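Undergrad: One structure is given below, represented as structure tokens, and several questions about it will come after.
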Amino acid sequence: MPDQLSALSGRFDVTVVGAGVVGCAIARRFALSGARVAVIEKAVDILDGASKGNSAILHTGFDAPVGSLEQSCIASGYEEYLAIHSRLGLPLLRAGALVIAWTEEEEALLPTLMEQARQNGVSDIEALSEAAMRAHEPGLGPGARAAFRVPREYLIDPWSAPFAYLLQAIENGAEVLRGAEVISGRRDGDWSLETTRGTVRTGMVVNAAGLWGDRLDERLIGRSDFHIRPRKGQFIVYDKPASRLAAHILLPVPNKVTKGVVVCRTAFGNLLVGPTAEDQDDREHAVLMPETLEALKRRGAEILPRLKDHTVTAIYAGLRPATEFKDYCIKAHDGLNYITVGGIRSTGLSSALGIALHVEHLARLALTPRSAPAWPKVANISETCPRDWQTEGHGGVVCHCEMATRREILAAFEGPLPVRSLAGLKRRTRVTMGRCQGFFCTAELSRLTDGRFVRPMAERAE
Amino acid sequence: MSLPRETDILVIGAGPAGLAAATVLAPSARVLVLDRETSAGGIPRHCGHYPFGLREFRRLLKGPAYAQTLVRRAQAAGVHVATGVNVVSLLPGPRVAVTSNAGITEIDAKLVLLATGVRESSRAQRLIGGEKPGGVMSTGALQGLVYLEGRRPFRRPVILGTELVSFSAIMTCAHAGIRPVAMIEPDPRVTARWPAAVYPHLKGIPLHLSTVITSIEGRERVERVVIKGPKGESTIEADGVIVSGRFRPEATLLDGSDLIRDPATGGPVIDSFGRCSDPSYFAAGNLLRPVETAGWSWAEGVAVGQAMRAALAGRLPQGDTYEVKLIGEALDWVVPQRVTGPDAVAFDRLQLRVTRSVAGRLTVKVGGSEYASRRIDTRPERRITVPLPPRAGAVEIVLEEE
Ligand SMILES: Cc1cc2nc3c(=O)[nH]c(=O)nc-3n(C[C@H](O)[C@H](O)[C@H](O)COP(=O)(O)OP(=O)(O)OC[C@H]3O[C@@H](n4cnc5c(N)ncnc54)[C@H](O)[C@@H]3O)c2cc1C
Ligand SMILES: Cc1cc2nc3c(=O)[nH]c(=O)nc-3n(C[C@H](O)[C@H](O)[C@H](O)COP(=O)(O)OP(=O)(O)OC[C@H]3O[C@@H](n4cnc5c(N)ncnc54)[C@H](O)[C@@H]3O)c2cc1C
């Protein structure tokens, strides 16, 4: 069984610790290359760390530091996503971005940023006068002065993408152990990883533990070259009609003092305002602050004044695995058969496939790529493609705001990675993530999910 | 059972308002009622407590029995009720697009009634801080779990809000053996008049007025709730939060339709016949405004059903409608938003609400001259009505605060 509840047996060529977007992409890469791959994730479902809440922008890397590893991983990851997304059933919302100057100082910075973009190989950018900018985005507030356009900044589904990567890994032989934390490891030629669900034998270990990357290094190789200091980002999601207020991803000019606020649509048809950038020591708790959310709302309404007529659908916060270094911390530790993939702070969704290529290269394993790899397609839950509720036999709609059907929900319990928590079900089907936040569908969900979750939604009243 | 492609009257929503209208219309037209839930009856299906049905049936019923009675009466009158059918868009014609297990289909009608009800606003809409553990839910979700599924999501929740529905939350808890540990109200006063039935259950539930929830703590399940009130910040051990009230019409269908929405109520703009800006669409019940009782919504359904019957027979005046304007910063909304002439209307009075506790003189004018006036001393969520104007013309409702 691919999703072992109890343990993994036999020897693996590569074991990836952590099923965030980065670990999922790395597992896929090695599986396609013919390795016997294991993935170990401590949470009961995948994507429970940094990858659970981001802005879902597929970056070109136009604003990444020139010559950085981050830039090159984003560029190659971006390219591979475009090449594979439709085969895996993944959406692509070709929104394009505007980098908007709101002050004189910011306006003065635009040429430098455009030059940086060109140096990063993003040459199809276009300077926009105020009039041209407003022609693209008539809803912009009065303070916007000028902009440049990055046509190939896109939006994707942040949960289906990593799920599809992992699913493809599984269909090409990878095995996944969820609800298992890697506690320690020994090396005697091969690695023996001790997890809360037994020992896993593996030739190579890839640390993709995200927010816990430094801790995992300490546990397994006794030291870490970096220290994770999470950077929290809070968001407000507006109801679907607000998505008509802006076509582009509206980016701020990066600034040393204040991190600007991004406004963009989502693949699910909502409008997002955020994130903040707040350093903290806590790796576990991403706390929402009412004052910060109010400030985000105010800033959102400065960027798009008509936003004040729209209602909030959701609020959330994510943690970026930031370190003391600006660039990614990716390193093959000599003689240890151990690769650390750490500090994938704020661009991991875009770069994951590129990171995977880079890691494969660092691993230097002698592998025979699969000759006819399997290409599973994931169910579409984005608004960019037809949805299940539009087709026959969906069994009725359960979540009326996000239009999740009974057939979609039941399907999430099947297959090699059945969801085992409400959080996991949300990421797979969008149930309860809409404007009513569970008002209409909670009761029915409790029945449909009976016996499926590690923690049931509600106990039976005797 | 397959859906017809065409009908005389299409009703969206099988709650008290939709079923009441359908029952009135059934003797003179083919009536199809659609509801997206798997059973008809609307919100009362999961209000497992009294009092329902007094106005409608002169019987004291619990919500589920009341809902069943409404459905049975409609069916007995010849109404076709189809469940598991989501209306997904409203088109001119009128025509609606629906999805059911058969996929997407379209249905044509002579007239359509919108009766899609209300929902409570969520924790997100109120920007309540903290983490996002399980166990934070609306009263509606709790009632569904308790009364429809026989489940208990928590044992010691905090209740946010003191609206009528907040007291329903207390009764729902009592039914399921759940002990609320506190009631939190941001205002200095309790919003609703406390219903007698709730008194025995209030014992031992501390009420915190002028208090807000600043943070919900816990990763998997709620563990603590941090509140801030007149005495500063404190922490309550709790395993759930019931975020009750602050209703909003379930008017999603208006987005993307040609119908005009009133930003103040959140529902459609209607005239005193219940007609929307496209006169082939009518609306009734709590879709019109947050929020009224089942009995009130039912009565609106009856009245608008009668107006629709007149419209089918070509007996509804097509003349001008006039705006009803609110003057006074504490006035929140008015329904209907437009009035016709004084004769034979569905809404026999104007209904309004205030945004905060106020006292003052309420004056109503038509064409600039006063026709009614009285003193009010009221709070948000409390019903206020004024008479319709005695003649056609633009109406102004003025509140002068004391
Ligand atoms: C606010 C915000 C906005 C962002 N916006 C964007 C964007 O628009 N575009 C973009 O490209 N990127 C964006 N990002 C960045 C992106 O989300 C991250 O770079 C990415 O999620 C990092 O993924 P990861 O796999 O490295 O880490 P994680 O997702 O944290 O995955 C690590 C996994 O390892 C598991 N784990 C940890 N320790 C152990 C152990 N001992 N044993 C077993 N399992 C373990 C964890 O449970 C976790 O699931 C954003 C991030 C944030 C927070
Ligand atoms: C949690 C809660 C508790 C309440 N408790 C009480 C109480 O104790 N006493 C009381 O008098 N009132 C109570 N109310 C007020 C309640 O709104 C009214 O009792 C009454 O239900 C209003 O009737 P209605 O017909 O307008 O709407 P509803 O009863 O809400 O019916 C609307 C119907 O429309 C359907 N619908 C919505 N959208 C669509 C669509 N797109 N396609 C198809 N069908 C759709 C819904 O499924 C629903 O069945 C409560 C309300 C709530 C939310």
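By convention here, the chains of the structure tokens are called A, B, ... in the order presented, each chain's residues are numbered starting at 1, and ligands are numbered starting at 1 in the order presented.
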Identify all residues of segment 44-288 of chain A in strand (DSSP E) (DSSP on the backbone) and supply them as an MDAnalysis selection string.

TA: chainID A and resid 57:58 97:101 126:128 146:150 154:155 175:177 182:188 190:195 198:207 231:238 249:252 262:265 271:274 278:279

Undergrad: Please report as number ranges by chain which residues of chain A come no farther than 9 Å from chain B, using only C-alpha atoms.

TA: A: 236, 241, 284-291, 293-294, 309, 311-317, 388-398, 400-401, 422, 435-444, 446-447, 455-462

Undergrad: Check which residues of chain B sit at most 6 Å from ligand 2 using only C-alpha atoms and all ligand atoms, and return one row each with the closest pair of atoms and their distance in Å to one decimal, ordered by chain and rising number, as a Markdown table.

TA:
```
| residue | atom | partner | partner_atom_place_in_ligand_line | distance |
| --- | --- | --- | --- | --- |
| B:Ile12 | CA | ligand 2 | 44 (N) | 5.3 |
| B:Gly13 | CA | ligand 2 | 34 (O) | 3.1 |
| B:Ala14 | CA | ligand 2 | 49 (O) | 4.9 |
| B:Gly15 | CA | ligand 2 | 31 (O) | 3.4 |
| B:Pro16 | CA | ligand 2 | 25 (O) | 4.0 |
| B:Ala17 | CA | ligand 2 | 25 (O) | 3.7 |
| B:Gly18 | CA | ligand 2 | 25 (O) | 5.3 |
| B:Leu34 | CA | ligand 2 | 43 (C) | 5.4 |
| B:Asp35 | CA | ligand 2 | 44 (N) | 3.5 |
| B:Arg36 | CA | ligand 2 | 43 (C) | 4.1 |
| B:Glu37 | CA | ligand 2 | 47 (O) | 4.9 |
| B:Gly41 | CA | ligand 2 | 49 (O) | 5.8 |
| B:Gly42 | CA | ligand 2 | 49 (O) | 3.3 |
| B:Ile43 | CA | ligand 2 | 29 (O) | 4.0 |
| B:Pro44 | CA | ligand 2 | 21 (O) | 5.4 |
| B:Cys47 | CA | ligand 2 | 8 (O) | 5.7 |
| B:Val85 | CA | ligand 2 | 43 (C) | 5.8 |
| B:Asn86 | CA | ligand 2 | 42 (N) | 3.9 |
| B:Val87 | CA | ligand 2 | 42 (N) | 3.9 |
| B:Val88 | CA | ligand 2 | 41 (N) | 5.8 |
| B:Ala115 | CA | ligand 2 | 26 (O) | 5.5 |
| B:Thr116 | CA | ligand 2 | 34 (O) | 3.6 |
| B:Gly117 | CA | ligand 2 | 27 (O) | 3.3 |
| B:Val118 | CA | ligand 2 | 30 (O) | 5.4 |
| B:Arg119 | CA | ligand 2 | 53 (C) | 4.8 |
| B:Glu120 | CA | ligand 2 | 53 (C) | 5.8 |
| B:Thr139 | CA | ligand 2 | 1 (C) | 4.8 |
| B:Gly140 | CA | ligand 2 | 1 (C) | 3.5 |
| B:Val165 | CA | ligand 2 | 3 (C) | 5.3 |
| B:Ser168 | CA | ligand 2 | 8 (O) | 5.8 |
| B:Gly285 | CA | ligand 2 | 26 (O) | 3.4 |
| B:Asn286 | CA | ligand 2 | 26 (O) | 3.8 |
| B:Leu287 | CA | ligand 2 | 26 (O) | 5.7 |
| B:Glu292 | CA | ligand 2 | 15 (C) | 5.8 |
| B:Thr293 | CA | ligand 2 | 11 (O) | 3.3 |
| B:Ala294 | CA | ligand 2 | 19 (O) | 3.3 |
| B:Ser297 | CA | ligand 2 | 23 (O) | 5.2 |
```

Undergrad: As JSON, numbers by chain, list the residues of segment 143-329 of chain A assigned to alpha helix (DSSP H) by DSSP on the backbone atoms of this structure.

TA: {"A": [160, 161, 162, 163, 164, 165, 166, 167, 168, 169, 170, 171, 213, 214, 215, 216, 217, 218, 219, 220, 221, 290, 291, 292, 293, 294, 295, 296, 297, 298, 299, 300, 301, 302, 303]}

Undergrad: Counting only C-alpha atoms and all ligand atoms, which of A:Tyr81, A:Trp212, A:Trp159, A:Tyr154 gets nearest to ligand 1?

TA: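 For ligand 1, the nearest of the candidates is A:Trp212.
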
Undergrad: Would you name the residues within 6 Å of ligand 1, counting only C-alpha atoms and all ligand atoms, and put them as a VMD selection string?

TA: chain A and resid 17 to 23 40 to 43 46 to 51 53 to 59 180 to 183 208 to 212 216 233 275 318 to 320 344 to 350

Undergrad: Write the selection just made, keeping C-alpha atoms, as a PDB file, in the first residue's frame?

TA:
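The file below, result_37.pdb, is the result:
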```
ATOM      1  CA  VAL A  17      11.800  14.338   5.025  1.00  0.00           C
ATOM      2  CA  GLY A  18       8.926  16.805   4.798  1.00  0.00           C
ATOM      3  CA  ALA A  19       5.938  16.905   2.468  1.00  0.00           C
ATOM      4  CA  GLY A  20       5.750  20.629   1.847  1.00  0.00           C
ATOM      5  CA  VAL A  21       5.807  21.845  -1.720  1.00  0.00           C
ATOM      6  CA  VAL A  22       9.582  21.471  -1.831  1.00  0.00           C
ATOM      7  CA  GLY A  23       9.636  17.887  -0.536  1.00  0.00           C
ATOM      8  CA  ILE A  40       8.191  11.047   5.606  1.00  0.00           C
ATOM      9  CA  GLU A  41       5.858  13.725   6.922  1.00  0.00           C
ATOM     10  CA  LYS A  42       5.106  14.367  10.558  1.00  0.00           C
ATOM     11  CA  ALA A  43       1.641  15.851  10.039  1.00  0.00           C
ATOM     12  CA  ILE A  46       0.712  16.888   3.517  1.00  0.00           C
ATOM     13  CA  LEU A  47       1.269  20.677   3.245  1.00  0.00           C
ATOM     14  CA  ASP A  48       0.889  21.370   6.929  1.00  0.00           C
ATOM     15  CA  GLY A  49       3.890  23.710   7.300  1.00  0.00           C
ATOM     16  CA  ALA A  50       4.963  26.781   5.360  1.00  0.00           C
ATOM     17  CA  SER A  51       3.182  25.449   2.303  1.00  0.00           C
ATOM     18  CA  GLY A  53      -0.701  29.433   3.367  1.00  0.00           C
ATOM     19  CA  ASN A  54       0.933  31.548   0.681  1.00  0.00           C
ATOM     20  CA  SER A  55      -0.007  34.047  -2.023  1.00  0.00           C
ATOM     21  CA  ALA A  56      -0.044  31.403  -4.771  1.00  0.00           C
ATOM     22  CA  ILE A  57       1.932  33.512  -7.220  1.00  0.00           C
ATOM     23  CA  LEU A  58       4.023  31.673  -9.781  1.00  0.00           C
ATOM     24  CA  HIS A  59       6.948  34.068  -9.868  1.00  0.00           C
ATOM     25  CA  ALA A 180       5.558  10.130  11.258  1.00  0.00           C
ATOM     26  CA  GLU A 181       8.168  12.467  12.690  1.00  0.00           C
ATOM     27  CA  VAL A 182      11.839  11.809  12.047  1.00  0.00           C
ATOM     28  CA  ILE A 183      13.441  11.765  15.481  1.00  0.00           C
ATOM     29  CA  ALA A 208      13.009  19.325   3.183  1.00  0.00           C
ATOM     30  CA  ALA A 209      11.665  20.040   6.652  1.00  0.00           C
ATOM     31  CA  GLY A 210      10.877  23.696   5.951  1.00  0.00           C
ATOM     32  CA  LEU A 211      10.240  25.510   9.220  1.00  0.00           C
ATOM     33  CA  TRP A 212      12.084  22.716  11.058  1.00  0.00           C
ATOM     34  CA  LEU A 216      16.294  18.209  11.502  1.00  0.00           C
ATOM     35  CA  GLY A 233       2.472  36.730   6.682  1.00  0.00           C
ATOM     36  CA  PRO A 275       0.914  39.334   3.254  1.00  0.00           C
ATOM     37  CA  GLY A 318       1.424  31.606   6.980  1.00  0.00           C
ATOM     38  CA  LEU A 319       5.007  31.239   8.210  1.00  0.00           C
ATOM     39  CA  ARG A 320       7.967  31.618   5.864  1.00  0.00           C
ATOM     40  CA  ILE A 344      13.065  28.266   1.103  1.00  0.00           C
ATOM     41  CA  ARG A 345      11.508  31.396   2.406  1.00  0.00           C
ATOM     42  CA  SER A 346       9.120  33.185   0.161  1.00  0.00           C
ATOM     43  CA  THR A 347       9.309  31.728  -3.326  1.00  0.00           C
ATOM     44  CA  GLY A 348       9.164  27.977  -2.777  1.00  0.00           C
ATOM     45  CA  LEU A 349       5.916  27.443  -4.628  1.00  0.00           C
ATOM     46  CA  SER A 350       7.491  28.870  -7.787  1.00  0.00           C
TER      47      SER A 350
END
```

Undergrad: For Ala363 of chain A, find every residue with an atom within 10 Å (counting only C-alpha atoms), except residues of its own chain fewer than 6 positions away, and show them as a PyMOL selection string.

TA: chain A and resi 14+30+204-206+331-333+337-339+357

Undergrad: Out of A:Thr405, A:Thr340, A:Thr276, A:Asn255, which residue has the shortest atom-to-atom distance to Glu106 of chain A when counting only C-alpha atoms?

TA: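 For Glu106 of chain A, the nearest of the given residues is A:Asn255.
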
Undergrad: Of the candidates A:Met403, A:Leu8, A:Ala352, A:Ile84, which shows the shortest atom-to-atom distance to Thr195 of chain A, using only C-alpha atoms?

TA: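 Comparing A:Met403, A:Leu8, A:Ala352, A:Ile84 against Thr195 of chain A, the winner is A:Leu8.
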
Undergrad: Which polymer residues have any atom within 8 Å of an atom of Pro230 of chain A, counting only C-alpha atoms, with same-chain residues fewer than 3 positions away left out, as a ChimeraX atom specification?

TA: /A:211,279-283,319-323

Undergrad: How would the residues just picked look written out with all heavy atoms as a tab-separated table (two decimals), in the first residue's frame?

TA:
```tsv
chain	number	residue	atom	x	y	z
A	211	LEU	N	10.11	24.72	8.00
A	211	LEU	CA	10.24	25.51	9.22
A	211	LEU	C	11.08	24.81	10.28
A	211	LEU	O	11.47	25.41	11.27
A	211	LEU	CB	8.84	25.81	9.78
A	211	LEU	CG	8.00	26.77	8.93
A	211	LEU	CD1	6.52	26.66	9.30
A	211	LEU	CD2	8.50	28.19	9.13
A	279	ASP	N	8.72	39.02	11.73
A	279	ASP	CA	9.64	38.00	12.24
A	279	ASP	C	9.18	37.52	13.61
A	279	ASP	O	8.72	38.30	14.43
A	279	ASP	CB	11.05	38.59	12.35
A	279	ASP	CG	11.63	38.85	10.97
A	279	ASP	OD1	11.25	38.13	10.03
A	279	ASP	OD2	12.44	39.78	10.82
A	280	GLN	N	9.34	36.23	13.86
A	280	GLN	CA	8.98	35.68	15.17
A	280	GLN	C	9.81	34.44	15.44
A	280	GLN	O	10.38	33.85	14.51
A	280	GLN	CB	7.49	35.35	15.22
A	280	GLN	CG	7.05	34.28	14.21
A	280	GLN	CD	5.58	33.91	14.36
A	280	GLN	OE1	4.73	34.79	14.42
A	280	GLN	NE2	5.29	32.61	14.43
A	281	ASP	N	9.89	34.04	16.71
A	281	ASP	CA	10.65	32.84	17.06
A	281	ASP	C	9.78	31.59	16.97
A	281	ASP	O	10.27	30.50	16.70
A	281	ASP	CB	11.21	32.97	18.48
A	281	ASP	CG	12.31	34.01	18.52
A	281	ASP	OD1	13.12	34.05	17.56
A	281	ASP	OD2	12.36	34.81	19.48
A	282	ASP	N	8.51	31.76	17.22
A	282	ASP	CA	7.58	30.64	17.27
A	282	ASP	C	7.44	29.99	15.88
A	282	ASP	O	7.13	30.66	14.91
A	282	ASP	CB	6.23	31.18	17.75
A	282	ASP	CG	5.26	30.08	18.12
A	282	ASP	OD1	5.33	29.01	17.49
A	282	ASP	OD2	4.45	30.30	19.03
A	283	ARG	N	7.65	28.66	15.80
A	283	ARG	CA	7.55	27.97	14.51
A	283	ARG	C	6.19	27.34	14.30
A	283	ARG	O	5.91	26.79	13.25
A	283	ARG	CB	8.58	26.85	14.44
A	283	ARG	CG	9.98	27.33	14.57
A	283	ARG	CD	10.92	26.16	14.81
A	283	ARG	NE	12.23	26.71	15.12
A	283	ARG	CZ	13.34	26.40	14.47
A	283	ARG	NH1	13.31	25.53	13.49
A	283	ARG	NH2	14.49	26.94	14.80
A	319	LEU	N	3.66	30.99	7.69
A	319	LEU	CA	5.01	31.24	8.21
A	319	LEU	C	6.03	30.90	7.13
A	319	LEU	O	6.05	29.79	6.61
A	319	LEU	CB	5.27	30.38	9.45
A	319	LEU	CG	4.38	30.63	10.67
A	319	LEU	CD1	4.73	29.66	11.79
A	319	LEU	CD2	4.52	32.07	11.16
A	320	ARG	N	6.90	31.88	6.83
A	320	ARG	CA	7.97	31.62	5.86
A	320	ARG	C	9.18	31.07	6.61
A	320	ARG	O	9.56	31.63	7.65
A	320	ARG	CB	8.38	32.92	5.17
A	320	ARG	CG	7.24	33.68	4.47
A	320	ARG	CD	7.79	35.02	4.03
A	320	ARG	NE	6.81	35.92	3.43
A	320	ARG	CZ	6.05	36.78	4.11
A	320	ARG	NH1	6.12	36.83	5.43
A	320	ARG	NH2	5.23	37.58	3.47
A	321	PRO	N	9.80	30.03	6.08
A	321	PRO	CA	11.01	29.51	6.74
A	321	PRO	C	12.22	30.38	6.41
A	321	PRO	O	13.08	30.00	5.62
A	321	PRO	CB	11.16	28.09	6.17
A	321	PRO	CG	10.18	27.98	5.05
A	321	PRO	CD	9.40	29.23	4.92
A	322	ALA	N	12.30	31.54	7.04
A	322	ALA	CA	13.39	32.47	6.76
A	322	ALA	C	14.61	32.11	7.60
A	322	ALA	O	14.49	31.49	8.66
A	322	ALA	CB	12.94	33.89	7.05
A	323	THR	N	15.78	32.50	7.13
A	323	THR	CA	17.03	32.27	7.88
A	323	THR	C	17.80	33.57	7.94
A	323	THR	O	17.34	34.59	7.44
A	323	THR	CB	17.91	31.23	7.18
A	323	THR	OG1	18.41	31.81	5.97
A	323	THR	CG2	17.15	29.96	6.84
```

Undergrad: What's around Gln351 of chain B at 8 Å? Count only C-alpha atoms, leave out sequence neighbours fewer than 2 positions away in its own chain, and write the answer as a PyMOL selection string.

TA: chain B and resi 334-336+349+353+383-386

Undergrad: What's the separation between atom CA of Phe57 of chain B and atom CA of Arg73 of chain B, in Å to one decimal place?

TA: 10.8 Å

Undergrad: Closest to Phe226 of chain A among A:Ala404, A:Val341, A:Glu105, A:Cys329, using only C-alpha atoms?

TA: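 The closest residue to Phe226 of chain A is A:Cys329.
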
Undergrad: List the neighbours of segment 167-173 of chain A out to 8 Å using only C-alpha atoms; skip same-chain residues closer than 2 positions along the sequence, and give me the result as a list in words.

TA: Pro2, Cys24, Ala27, Arg28, Arg29, Phe30, Ala31, Leu32, Arg36, Val37, Phe163, Ala164, Tyr165, Glu175, Val176, Pro373, Ala374, Trp375, Pro376, Pro416 and Leu417 of chain A
